[in-house]
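Structure file model_39.cif (mmCIF, C-alpha atoms; chains and numbers go by the auth columns) follows.
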data_my_file
loop_
_atom_site.group_PDB
_atom_site.id
_atom_site.type_symbol
_atom_site.label_atom_id
_atom_site.label_comp_id
_atom_site.label_asym_id
_atom_site.label_seq_id
_atom_site.Cartn_x
_atom_site.Cartn_y
_atom_site.Cartn_z
_atom_site.B_iso_or_equiv
_atom_site.auth_seq_id
_atom_site.auth_asym_id
ATOM 1 C CA MET A 1 4.626 18.045 -15.591 0.00 1 A
ATOM 2 C CA PHE A 2 7.504 16.210 -13.917 0.00 2 A
ATOM 3 C CA ASP A 3 11.089 16.057 -15.104 0.00 3 A
ATOM 4 C CA ALA A 4 12.463 12.733 -16.393 0.00 4 A
ATOM 5 C CA GLU A 5 14.124 11.857 -13.072 0.00 5 A
ATOM 6 C CA THR A 6 10.912 12.317 -11.068 0.00 6 A
ATOM 7 C CA THR A 7 8.885 10.487 -13.717 0.00 7 A
ATOM 8 C CA ALA A 8 11.204 7.478 -13.379 0.00 8 A
ATOM 9 C CA LEU A 9 11.231 7.715 -9.581 0.00 9 A
ATOM 10 C CA LEU A 10 7.457 7.508 -9.044 0.00 10 A
ATOM 11 C CA PRO A 11 6.883 3.907 -10.234 0.00 11 A
ATOM 12 C CA ALA A 12 10.085 2.779 -8.506 0.00 12 A
ATOM 13 C CA VAL A 13 8.844 4.167 -5.179 0.00 13 A
ATOM 14 C CA LEU A 14 5.417 2.604 -5.692 0.00 14 A
ATOM 15 C CA GLU A 15 6.935 -0.817 -6.393 0.00 15 A
ATOM 16 C CA GLU A 16 9.225 -0.632 -3.379 0.00 16 A
ATOM 17 C CA VAL A 17 6.464 0.466 -1.009 0.00 17 A
ATOM 18 C CA CYS A 18 4.032 -2.143 -2.373 0.00 18 A
ATOM 19 C CA GLN A 19 6.535 -4.998 -2.719 0.00 19 A
ATOM 20 C CA ASN A 20 4.538 -7.140 -0.272 0.00 20 A
ATOM 21 C CA VAL A 21 1.142 -6.192 -1.697 0.00 21 A
ATOM 22 C CA CYS A 22 -0.413 -8.618 -4.143 0.00 22 A
ATOM 23 C CA ARG A 23 -0.705 -7.142 -7.654 0.00 23 A
ATOM 24 C CA ARG A 24 -4.432 -7.960 -7.571 0.00 24 A
ATOM 25 C CA GLU A 25 -4.840 -5.532 -4.651 0.00 25 A
ATOM 26 C CA THR A 26 -5.493 -2.743 -7.116 0.00 26 A
ATOM 27 C CA THR A 27 -7.470 -0.689 -4.619 0.00 27 A
ATOM 28 C CA ALA A 28 -4.562 -0.468 -2.184 0.00 28 A
ATOM 29 C CA ARG A 29 -1.989 0.073 -4.928 0.00 29 A
ATOM 30 C CA THR A 30 -4.092 2.812 -6.518 0.00 30 A
ATOM 31 C CA HIS A 31 -4.496 4.558 -3.167 0.00 31 A
ATOM 32 C CA VAL A 32 -0.743 4.476 -2.531 0.00 32 A
ATOM 33 C CA ALA A 33 0.035 5.653 -6.072 0.00 33 A
ATOM 34 C CA SER A 34 -2.354 8.580 -5.793 0.00 34 A
ATOM 35 C CA LYS A 35 -0.844 9.722 -2.492 0.00 35 A
ATOM 36 C CA ILE A 36 2.693 9.478 -3.914 0.00 36 A
ATOM 37 C CA LEU A 37 1.601 11.438 -6.980 0.00 37 A
ATOM 38 C CA GLU A 38 -0.089 14.097 -4.830 0.00 38 A
ATOM 39 C CA ALA A 39 3.113 14.533 -2.807 0.00 39 A
ATOM 40 C CA ALA A 40 5.232 14.832 -5.948 0.00 40 A
ATOM 41 C CA THR A 41 2.817 17.400 -7.352 0.00 41 A
ATOM 42 C CA ARG A 42 3.313 19.453 -4.163 0.00 42 A
ATOM 43 C CA GLY A 43 7.047 19.377 -4.816 0.00 43 A
ATOM 44 C CA GLU A 44 8.041 16.503 -2.519 0.00 44 A
ATOM 45 C CA THR A 45 10.308 14.683 -4.939 0.00 45 A
ATOM 46 C CA ALA A 46 12.986 13.265 -2.647 0.00 46 A
ATOM 47 C CA MET A 47 12.849 9.482 -2.690 0.00 47 A
ATOM 48 C CA SER A 48 12.855 9.236 1.118 0.00 48 A
ATOM 49 C CA ASN A 49 9.885 11.615 1.381 0.00 49 A
ATOM 50 C CA LEU A 50 7.916 9.779 -1.285 0.00 50 A
ATOM 51 C CA LYS A 51 8.578 6.430 0.397 0.00 51 A
ATOM 52 C CA GLN A 52 7.363 7.833 3.698 0.00 52 A
ATOM 53 C CA VAL A 53 4.201 9.146 2.045 0.00 53 A
ATOM 54 C CA GLY A 54 3.690 5.790 0.333 0.00 54 A
ATOM 55 C CA ARG A 55 4.136 3.777 3.540 0.00 55 A
ATOM 56 C CA ARG A 56 1.713 6.016 5.380 0.00 56 A
ATOM 57 C CA ALA A 57 -0.806 5.628 2.548 0.00 57 A
ATOM 58 C CA LEU A 58 -0.352 1.861 2.559 0.00 58 A
ATOM 59 C CA GLY A 59 -1.228 1.768 6.250 0.00 59 A
ATOM 60 C CA GLU A 60 -4.520 3.531 5.601 0.00 60 A
ATOM 61 C CA ALA A 61 -5.298 1.981 2.221 0.00 61 A
ATOM 62 C CA PRO A 62 -8.668 0.352 1.653 0.00 62 A
ATOM 63 C CA THR A 63 -8.562 -3.310 0.747 0.00 63 A
ATOM 64 C CA MET A 64 -10.805 -5.463 -1.395 0.00 64 A
ATOM 65 C CA TRP A 65 -10.723 -8.220 1.258 0.00 65 A
ATOM 66 C CA PRO A 66 -13.038 -7.774 4.240 0.00 66 A
ATOM 67 C CA SER A 67 -11.500 -7.927 7.675 0.00 67 A
ATOM 68 C CA GLN A 68 -11.892 -11.229 9.454 0.00 68 A
ATOM 69 C CA PRO A 69 -12.379 -11.408 13.200 0.00 69 A
ATOM 70 C CA ASN A 70 -9.500 -12.984 15.089 0.00 70 A
ATOM 71 C CA ARG A 71 -10.348 -16.626 15.612 0.00 71 A
ATOM 72 C CA ARG A 72 -8.415 -19.565 16.885 0.00 72 A
ATOM 73 C CA PRO A 73 -8.195 -22.459 14.395 0.00 73 A
ATOM 74 C CA SER A 74 -10.260 -24.654 16.731 0.00 74 A
ATOM 75 C CA GLN A 75 -13.125 -22.170 16.523 0.00 75 A
ATOM 76 C CA GLU A 76 -13.091 -22.161 12.720 0.00 76 A
ATOM 77 C CA SER A 77 -13.103 -25.936 12.337 0.00 77 A
ATOM 78 C CA GLY A 78 -15.761 -26.490 14.977 0.00 78 A
ATOM 79 C CA ALA A 79 -13.406 -28.548 17.117 0.00 79 A
ATOM 80 C CA LYS A 80 -13.991 -28.476 20.843 0.00 80 A
ATOM 81 C CA SER A 81 -11.376 -27.101 23.191 0.00 81 A
ATOM 82 C CA SER A 82 -10.184 -29.282 26.069 0.00 82 A
#

Take the structure in the file and write it out as structure tokens.
Amino acid sequence: MFDAETTALLPAVLEEVCQNVCRRETTARTHVASKILEAATRGETAMSNLKQVGRRALGEAPTMWPSQPNRRPSQESGAKSS
């Protein structure tokens, strides 16, 4: 069990790390939250450490949106290039 300070810190770190992640991206947010929680359980309770863990987890988080190949707009619309 965490102390009150750590308990309050965990959601604050999650929100800061995921500030640019849509709330509907529950898969990514859950992944980040679990990694932050794992780190805190191991005793890493400094905010800077938890943010680092969260950012790393965000970079490797699965997403519910499939990757799209890089295309130029002209390719997507069917327009011909000059």

What residues come out when you apply the PyMOL selection byres ((chain A and resi 6) around 12) to this file, written as an mmCIF file with C-alpha atoms, keeping the file's coordinate frame?
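Output saved as expr_27.cif:
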data_model
loop_
_atom_site.group_PDB
_atom_site.id
_atom_site.type_symbol
_atom_site.label_atom_id
_atom_site.label_comp_id
_atom_site.auth_asym_id
_atom_site.auth_seq_id
_atom_site.Cartn_x
_atom_site.Cartn_y
_atom_site.Cartn_z
ATOM 1 C CA MET A 1 4.626 18.045 -15.591
ATOM 2 C CA PHE A 2 7.504 16.210 -13.917
ATOM 3 C CA ASP A 3 11.089 16.057 -15.104
ATOM 4 C CA ALA A 4 12.463 12.733 -16.393
ATOM 5 C CA GLU A 5 14.124 11.857 -13.072
ATOM 6 C CA THR A 7 8.885 10.487 -13.717
ATOM 7 C CA ALA A 8 11.204 7.478 -13.379
ATOM 8 C CA LEU A 9 11.231 7.715 -9.581
ATOM 9 C CA LEU A 10 7.457 7.508 -9.044
ATOM 10 C CA PRO A 11 6.883 3.907 -10.234
ATOM 11 C CA ALA A 12 10.085 2.779 -8.506
ATOM 12 C CA VAL A 13 8.844 4.167 -5.179
ATOM 13 C CA ILE A 36 2.693 9.478 -3.914
ATOM 14 C CA LEU A 37 1.601 11.438 -6.980
ATOM 15 C CA ALA A 39 3.113 14.533 -2.807
ATOM 16 C CA ALA A 40 5.232 14.832 -5.948
ATOM 17 C CA THR A 41 2.817 17.400 -7.352
ATOM 18 C CA GLY A 43 7.047 19.377 -4.816
ATOM 19 C CA GLU A 44 8.041 16.503 -2.519
ATOM 20 C CA THR A 45 10.308 14.683 -4.939
ATOM 21 C CA ALA A 46 12.986 13.265 -2.647
ATOM 22 C CA MET A 47 12.849 9.482 -2.690
ATOM 23 C CA LEU A 50 7.916 9.779 -1.285
#

>> Please expand the PyMOL selection byres ((chain A and resi 16-31) around 8) into the concrete residues it hits in this file, giving the result as a ChimeraX atom specification.
In response: /A:12-15,32-35,51,54-55,57-58,61-64

Give the padded box for segment 17-34 of chain A as lines of an AutoDock Vina configuration file: axis-aligned, covering all atoms listed in the file, 4 Å on each side, centre and edge lengths in Å to one decimal.
center_x = -0.5
center_y = 0.0
center_z = -4.0
size_x = 22.0
size_y = 25.2
size_z = 15.4
